[in-house]
file structure-v7.txt (compact mmCIF, C-alpha atoms and all ligand atoms)
# COMPACT_ATOMS: atom_id res chain seq x y z
CA MET A 1 5.07 21.60 9.79
CA ARG A 2 8.38 23.41 9.39
CA PRO A 3 10.12 21.44 6.64
CA ASP A 4 13.53 22.93 7.43
CA SER A 5 13.36 21.42 10.88
CA LEU A 6 12.71 17.87 9.63
CA ASP A 7 15.43 15.35 10.31
CA PHE A 8 15.43 12.72 7.55
CA SER A 9 17.75 10.42 9.46
CA GLN A 10 14.69 9.19 11.38
CA ARG A 11 10.98 8.71 10.72
CA THR A 12 8.98 11.76 11.70
CA ARG A 13 6.35 11.37 14.43
CA LEU A 14 4.08 13.83 12.60
CA THR A 15 0.76 12.21 11.71
CA GLU A 16 -1.41 12.55 8.62
CA LEU A 17 -4.60 14.63 8.49
CA MET A 18 -6.39 11.78 6.69
CA ASP A 19 -5.88 9.57 9.74
CA GLU A 20 -8.09 11.97 11.75
CA PRO A 21 -11.90 11.85 11.44
CA CYS A 22 -13.13 13.77 8.37
CA SER A 23 -16.25 13.84 6.21
CA ARG A 24 -16.75 11.27 3.44
CA GLU A 25 -16.61 14.10 0.86
CA VAL A 26 -13.19 15.23 2.06
CA LEU A 27 -11.93 11.65 2.20
CA ARG A 28 -13.23 10.96 -1.32
CA ALA A 29 -11.44 14.06 -2.69
CA CYS A 30 -8.21 13.06 -0.92
CA LEU A 31 -8.29 9.40 -2.00
CA ARG A 32 -9.03 10.44 -5.57
CA ASP A 33 -6.05 12.81 -5.57
CA ILE A 34 -3.77 10.11 -4.11
CA ALA A 35 -4.91 7.75 -6.88
CA ARG A 36 -4.20 10.45 -9.51
CA THR A 37 -0.76 11.06 -7.99
CA ASN A 38 -0.06 7.30 -8.04
CA ARG A 39 -0.93 7.22 -11.74
CA TRP A 40 1.18 10.28 -12.59
CA THR A 41 4.19 8.99 -10.65
CA LEU A 42 3.94 5.34 -11.86
CA GLY A 43 3.20 4.37 -8.28
CA TYR A 44 1.59 1.00 -9.14
CA ARG A 45 4.51 -0.16 -11.31
CA PRO A 46 6.41 -1.92 -8.46
CA VAL A 47 3.35 -4.04 -7.62
CA PHE A 48 2.84 -5.16 -11.23
CA HIS A 49 6.54 -5.86 -11.62
CA TRP A 50 6.26 -8.26 -8.66
CA LEU A 51 2.89 -9.74 -9.72
CA ASN A 52 4.33 -10.59 -13.15
CA GLU A 53 7.28 -12.31 -11.50
CA VAL A 54 5.07 -14.30 -9.13
CA ALA A 55 2.63 -15.25 -11.90
CA ALA A 56 5.56 -16.58 -13.95
CA ALA A 57 7.17 -18.48 -11.05
CA PHE A 58 4.16 -20.37 -9.74
CA ALA A 59 2.31 -23.16 -11.54
CA PRO A 60 -1.36 -22.37 -12.32
CA LEU A 61 -3.63 -22.95 -9.33
CA ALA A 62 -6.65 -25.24 -9.30
CA GLY A 63 -8.87 -22.30 -8.25
CA PRO A 64 -8.72 -18.51 -8.39
CA LEU A 65 -5.64 -16.62 -7.21
CA ARG A 66 -6.70 -14.83 -4.03
CA ILE A 67 -5.14 -11.37 -3.62
CA LEU A 68 -5.71 -9.12 -0.61
CA ASP A 69 -4.92 -5.38 -0.78
CA VAL A 70 -4.41 -3.95 2.72
CA GLY A 71 -5.25 -0.25 3.24
CA CYS A 72 -6.91 -0.21 -0.18
CA GLY A 73 -8.20 3.40 0.09
CA TYR A 74 -9.80 4.39 -3.23
CA GLY A 75 -9.31 0.84 -4.58
CA ASP A 76 -7.51 1.94 -7.74
CA LEU A 77 -4.74 -0.65 -7.38
CA LEU A 78 -7.14 -3.62 -7.19
CA ARG A 79 -9.19 -2.36 -10.11
CA ARG A 80 -5.96 -2.37 -12.12
CA VAL A 81 -5.13 -5.86 -10.83
CA GLU A 82 -8.58 -6.98 -11.99
CA GLN A 83 -7.80 -5.65 -15.51
CA TRP A 84 -4.32 -7.25 -15.38
CA ALA A 85 -5.85 -10.64 -14.52
CA HIS A 86 -8.57 -10.27 -17.12
CA ALA A 87 -5.99 -9.51 -19.84
CA ARG A 88 -4.14 -12.75 -18.91
CA GLY A 89 -7.26 -14.89 -18.59
CA LEU A 90 -6.29 -15.45 -14.95
CA ALA A 91 -9.06 -16.27 -12.46
CA VAL A 92 -8.72 -14.06 -9.38
CA GLU A 93 -10.58 -13.37 -6.16
CA LEU A 94 -9.72 -9.84 -5.08
CA THR A 95 -10.38 -8.31 -1.66
CA GLY A 96 -9.69 -4.73 -0.65
CA LEU A 97 -9.41 -4.15 3.08
CA ASP A 98 -9.54 -0.79 4.83
CA LEU A 99 -9.99 0.30 8.42
CA ASN A 100 -12.17 3.22 7.43
CA PRO A 101 -15.76 2.34 6.41
CA ASP A 102 -15.93 5.52 4.32
CA ALA A 103 -12.90 4.33 2.31
CA THR A 104 -14.53 0.97 1.50
CA ALA A 105 -17.79 2.77 0.58
CA ILE A 106 -15.81 5.12 -1.72
CA ALA A 107 -13.91 2.18 -3.29
CA THR A 108 -17.26 0.44 -3.95
CA GLU A 109 -18.73 3.59 -5.58
CA ALA A 110 -15.60 4.05 -7.72
CA SER A 111 -15.76 0.48 -9.10
CA PRO A 112 -17.71 -0.42 -12.25
CA ALA A 113 -20.83 -2.59 -11.80
CA SER A 114 -19.00 -5.45 -13.57
CA SER A 115 -16.23 -5.54 -10.95
CA GLN A 116 -16.08 -8.64 -8.73
CA ILE A 117 -13.81 -7.06 -6.08
CA LYS A 118 -14.97 -7.46 -2.46
CA TRP A 119 -14.42 -4.48 -0.17
CA VAL A 120 -14.10 -5.25 3.54
CA THR A 121 -13.89 -2.84 6.48
CA ALA A 122 -11.52 -4.07 9.20
CA ASP A 123 -8.27 -3.40 11.02
CA VAL A 124 -5.75 -5.67 9.33
CA LEU A 125 -4.01 -6.45 12.62
CA THR A 126 -7.14 -8.14 13.98
CA TYR A 127 -8.50 -9.45 10.65
CA PHE A 128 -8.86 -13.17 9.98
CA PRO A 129 -9.55 -13.72 6.27
CA PRO A 130 -12.21 -16.41 5.71
CA GLN A 131 -9.73 -18.15 3.37
CA ARG A 132 -5.97 -17.56 3.38
CA PRO A 133 -5.00 -15.22 0.53
CA HIS A 134 -2.30 -16.41 -1.86
CA LEU A 135 -0.84 -12.91 -2.10
CA VAL A 136 -1.04 -9.84 0.14
CA VAL A 137 -0.16 -6.43 -1.28
CA SER A 138 -0.24 -2.97 0.23
CA SER A 139 0.51 0.44 -1.20
CA LEU A 140 1.27 3.60 0.79
CA PHE A 141 -0.01 1.79 3.88
CA ALA A 142 2.99 0.71 5.98
CA HIS A 143 4.18 4.24 6.74
CA HIS A 144 0.89 4.89 8.58
CA LEU A 145 1.97 2.36 11.23
CA SER A 146 4.34 2.52 14.19
CA GLU A 147 7.42 0.27 14.13
CA GLU A 148 5.72 -2.15 16.53
CA GLN A 149 2.62 -2.32 14.30
CA ILE A 150 4.80 -2.85 11.20
CA ILE A 151 6.45 -5.87 12.85
CA GLN A 152 2.97 -7.20 13.70
CA PHE A 153 1.87 -6.56 10.10
CA LEU A 154 4.92 -8.39 8.70
CA ARG A 155 4.19 -11.39 10.95
CA TRP A 156 0.53 -11.22 10.00
CA MET A 157 1.36 -11.37 6.27
CA GLU A 158 4.00 -14.04 6.75
CA GLU A 159 1.49 -16.28 8.55
CA ARG A 160 -1.43 -15.72 6.21
CA ALA A 161 -0.06 -15.18 2.70
CA GLN A 162 0.40 -18.59 1.07
CA MET A 163 2.64 -17.50 -1.81
CA GLY A 164 4.04 -14.15 -0.83
CA TRP A 165 3.49 -10.50 -0.04
CA PHE A 166 4.58 -7.12 -1.32
CA ILE A 167 4.87 -3.76 0.44
CA ASN A 168 4.87 -0.76 -1.89
CA ASP A 169 5.92 2.30 0.10
CA LEU A 170 8.06 5.41 -0.04
CA SER A 171 11.70 6.22 0.36
CA ARG A 172 12.56 8.84 2.96
CA ALA A 173 14.84 11.58 1.63
CA PRO A 174 14.82 15.39 1.45
CA ILE A 175 14.80 15.68 -2.37
CA PRO A 176 11.56 13.70 -3.00
CA TYR A 177 10.04 15.48 0.00
CA HIS A 178 10.69 18.95 -1.45
CA LEU A 179 9.85 17.88 -5.02
CA PHE A 180 6.54 16.44 -3.87
CA ARG A 181 5.62 19.68 -2.07
CA ALA A 182 6.27 21.68 -5.24
CA PHE A 183 4.45 19.13 -7.44
CA ALA A 184 1.41 18.96 -5.14
CA TRP A 185 1.13 22.73 -5.06
CA LEU A 186 1.46 23.04 -8.85
CA MET A 187 -1.13 20.31 -9.48
CA ARG A 188 -3.45 21.93 -6.90
CA LEU A 189 -3.94 18.67 -5.02
CA HIS A 190 -6.35 18.72 -2.09
CA PRO A 191 -4.71 20.64 0.81
CA PHE A 192 -4.81 17.48 2.99
CA VAL A 193 -2.95 15.56 0.26
CA GLN A 194 -0.38 18.32 -0.10
CA TYR A 195 0.34 18.04 3.62
CA ASP A 196 -0.08 14.27 4.02
CA GLY A 197 2.00 13.40 0.96
CA ALA A 198 4.96 15.31 2.37
CA VAL A 199 4.44 13.78 5.84
CA SER A 200 4.18 10.32 4.20
CA ILE A 201 7.66 10.73 2.74
CA ALA A 202 8.99 11.92 6.10
CA ARG A 203 7.29 8.93 7.83
CA SER A 204 8.64 6.42 5.31
CA PHE A 205 11.72 4.24 5.33
CA LEU A 206 15.40 3.70 4.62
CA PRO A 207 16.57 0.25 3.44
CA ALA A 208 18.37 -0.45 6.75
CA GLU A 209 15.12 0.14 8.64
CA TRP A 210 13.28 -2.46 6.53
CA GLN A 211 16.17 -4.81 7.16
CA SER A 212 15.77 -4.53 10.94
CA LEU A 213 11.95 -4.52 10.87
CA CYS A 214 11.97 -7.76 8.84
CA ALA A 215 14.56 -9.30 11.16
CA ALA A 216 12.45 -8.32 14.19
CA ALA A 217 9.48 -10.07 12.53
CA GLY A 218 11.55 -13.29 12.31
CA LEU A 219 12.41 -13.14 8.60
CA ARG A 220 15.82 -14.23 7.40
CA ASP A 221 17.78 -12.04 4.95
CA GLU A 222 17.19 -14.55 2.14
CA ASP A 223 13.40 -14.49 2.69
CA PHE A 224 12.80 -10.98 1.37
CA GLU A 225 14.16 -8.40 -1.04
CA ILE A 226 14.21 -4.63 -0.62
CA ARG A 227 13.62 -2.94 -3.96
CA ALA A 228 13.90 0.72 -4.91
CA PHE A 229 11.87 2.15 -7.79
CA LYS A 230 11.98 5.66 -9.19
CA PRO A 231 10.52 8.02 -8.20
CA ALA A 232 10.92 7.65 -4.45
CA ARG A 233 9.50 4.16 -3.88
CA LEU A 234 11.03 1.66 -1.50
CA CYS A 235 9.38 -1.75 -1.48
CA VAL A 236 9.74 -5.09 0.25
CA ALA A 237 9.07 -8.26 -1.74
CA ARG A 238 8.55 -11.72 -0.28
CA SER A 239 7.96 -14.72 -2.51
CA LYS A 240 7.64 -18.08 -0.83
CA GLN A 241 9.36 -20.69 -2.99
CA PRO A 242 6.98 -22.57 -5.30
C1 LIG B 1 -2.74 6.62 2.11
S1 LIG B 1 -4.04 5.49 2.08
C2 LIG B 1 -3.44 4.44 0.77
C3 LIG B 1 -4.53 4.11 -0.20
C4 LIG B 1 -4.11 3.25 -1.38
N1 LIG B 1 -3.56 1.97 -0.95
C5 LIG B 1 -3.15 3.95 -2.30
O1 LIG B 1 -2.07 3.43 -2.60
O2 LIG B 1 -3.49 5.05 -2.78
C6 LIG B 1 -3.81 4.43 3.50
C7 LIG B 1 -5.07 3.66 3.85
O3 LIG B 1 -4.75 2.73 4.90
C8 LIG B 1 -5.90 2.62 5.73
N2 LIG B 1 -5.49 2.04 7.03
C9 LIG B 1 -4.78 2.65 8.02
N3 LIG B 1 -4.61 1.80 9.05
C10 LIG B 1 -5.20 0.63 8.71
C11 LIG B 1 -5.35 -0.65 9.36
N4 LIG B 1 -4.85 -0.86 10.58
N5 LIG B 1 -6.02 -1.64 8.70
C12 LIG B 1 -6.52 -1.44 7.45
N6 LIG B 1 -6.41 -0.24 6.80
C13 LIG B 1 -5.77 0.78 7.41
C14 LIG B 1 -6.41 4.05 5.81
O4 LIG B 1 -7.77 4.09 6.22
C15 LIG B 1 -6.19 4.55 4.39
O5 LIG B 1 -7.33 4.39 3.57

call {"tool": "encode", "arguments": {"input": "structure-v7.txt", "output": "structure tokens"}}
result
Amino acid sequence: MRPDSLDFSQRTRLTELMDEPCSREVLRACLRDIARTNRWTLGYRPVFHWLNEVAAAFAPLAGPLRILDVGCGYGDLLRRVEQWAHARGLAVELTGLDLNPDATAIATEASPASSQIKWVTADVLTYFPPQRPHLVVSSLFAHHLSEEQIIQFLRWMEERAQMGWFINDLSRAPIPYHLFRAFAWLMRLHPFVQYDGAVSIARSFLPAEWQSLCAAAGLRDEDFEIRAFKPARLCVARSKQP
């Protein structure tokens, strides 16, 4: 990749190395480094900000709150959600979904024996959850998809999520792109993560693009909110009215 030649006015068509076949060892090292980067850059904060809002807005449910994490990778986010729910005495049923069977195996291995999270291998676009989740979240997932697939994904969530959904992704701009490259090199992240992290930023979104993707999926402006978080996160929040 020649960074100087990247045009940040549109999503790059470059693809990520992690989306190509690789060994489970390489995938484990990459997913672990992405999870570390998420922790260092407060990458889960937008999701918890939204979960706290939703938990406060909705009356307690008769049964457990079902949360589905799409493109769960290492599973770090859901393990944190499990702790969040435990700290609030909130009954939850958590499912992590990933297309790659090695990712779900790695997420299982990385979870403590006491964890109740279910890990499922499937392509979200053809997945029919046995019971409709109340909430669907995803983190660093949407930018892996084409525009057409994102519209499908938005419709998929809109149809299935009973209470709402949240997309936690990146904001496309040259400064975070160059800062990430320097940071990844300094922290000696796995070479795939150094490359893929930069490509992820270049594949990610501007607010106007989320606006038109949501409109193409049939959402009205008042149905969703585009939220920016520092550093370099751009998220889409949808809460169905209680
Ligand atoms: C960059 S990782 C993100 C991992 C994690 N959510 C995080 O925030 O660190 C993206 C994950 O999405 C998964 N993925 C890609 N396409 C998918 C699809 N169509 N259905 C389900 N998972 C998919 C990949 O296998 C990969 O594990």

call {"tool": "residues_near_ligand", "arguments": {"input": "structure-v7.txt", "ligand": "ligand LIG 1 (chain B)", "cutoff": "7 Å", "atoms": "only C-alpha atoms and all ligand atoms", "output": "list in words"}}
result
Asp19, Leu31, Ile34, Ala35, Asn38, Val70, Gly71, Cys72, Gly73, Tyr74, Gly75, Leu77, Leu97, Asp98, Leu99, Asn100, Ala103, Ala122, Asp123, Val124, Leu125, Ser138, Ser139, Leu140, Phe141, His144 and Leu145 of chain A

call {"tool": "residues_around", "arguments": {"input": "structure-v7.txt", "residues": "Gln152 in chain A", "least_positions_apart": "2", "cutoff": "12 Å", "atoms": "all atoms listed in the file", "output": "JSON, numbers by chain"}}
result
{"A": [124, 125, 126, 142, 145, 146, 147, 148, 149, 150, 154, 155, 156, 157, 158, 159, 213, 214, 216, 217, 218]}

call {"tool": "closest_residue", "arguments": {"input": "structure-v7.txt", "among": "A:Val136, A:Leu186, A:Ile175, A:Ala85", "to": "Asp69 in chain A", "atoms": "all atoms listed in the file"}}
result
A:Val136

call {"tool": "closest_residue", "arguments": {"input": "structure-v7.txt", "among": "A:Ala55, A:Pro176, A:Trp210, A:Ala113", "to": "Gly89 in chain A", "atoms": "only C-alpha atoms"}}
result
A:Ala55

call {"tool": "closest_residue", "arguments": {"input": "structure-v7.txt", "among": "A:Glu93, A:Asp196, A:Asp169, A:Glu20", "to": "Lys118 in chain A", "atoms": "only C-alpha atoms"}}
result
A:Glu93

call {"tool": "closest_residue", "arguments": {"input": "structure-v7.txt", "among": "A:Leu179, A:Val26, A:Leu68, A:Val92", "to": "Ile201 in chain A", "atoms": "all atoms listed in the file"}}
result
A:Leu179

call {"tool": "closest_residue", "arguments": {"input": "structure-v7.txt", "among": "A:Leu206, A:Ile151, A:Val81, A:Ala232", "to": "Phe180 in chain A", "atoms": "only C-alpha atoms"}}
result
A:Ala232

call {"tool": "atom_distance", "arguments": {"input": "structure-v7.txt", "atom1": "CA of Arg238 in chain A", "atom2": "CA of Gln211 in chain A"}}
result
12.7 Å

call {"tool": "closest_residue", "arguments": {"input": "structure-v7.txt", "among": "A:Gln116, A:Ser212, A:Asn52, A:Ser171", "to": "Ser200 in chain A", "atoms": "all atoms listed in the file"}}
result
A:Ser171

call {"tool": "residues_around", "arguments": {"input": "structure-v7.txt", "residues": "Pro46 in chain A", "least_positions_apart": "5", "cutoff": "9 Å", "atoms": "all atoms listed in the file", "output": "PDB file with C-alpha atoms, in the frame of the given file"}}
result
ATOM      1  CA  LEU A  51       2.890  -9.740  -9.720  1.00  0.00           C
ATOM      2  CA  ASN A 168       4.870  -0.760  -1.890  1.00  0.00           C
ATOM      3  CA  ARG A 227      13.620  -2.940  -3.960  1.00  0.00           C
ATOM      4  CA  ALA A 228      13.900   0.720  -4.910  1.00  0.00           C
ATOM      5  CA  PHE A 229      11.870   2.150  -7.790  1.00  0.00           C
ATOM      6  CA  ARG A 233       9.500   4.160  -3.880  1.00  0.00           C
ATOM      7  CA  CYS A 235       9.380  -1.750  -1.480  1.00  0.00           C
TER       8      CYS A 235
END
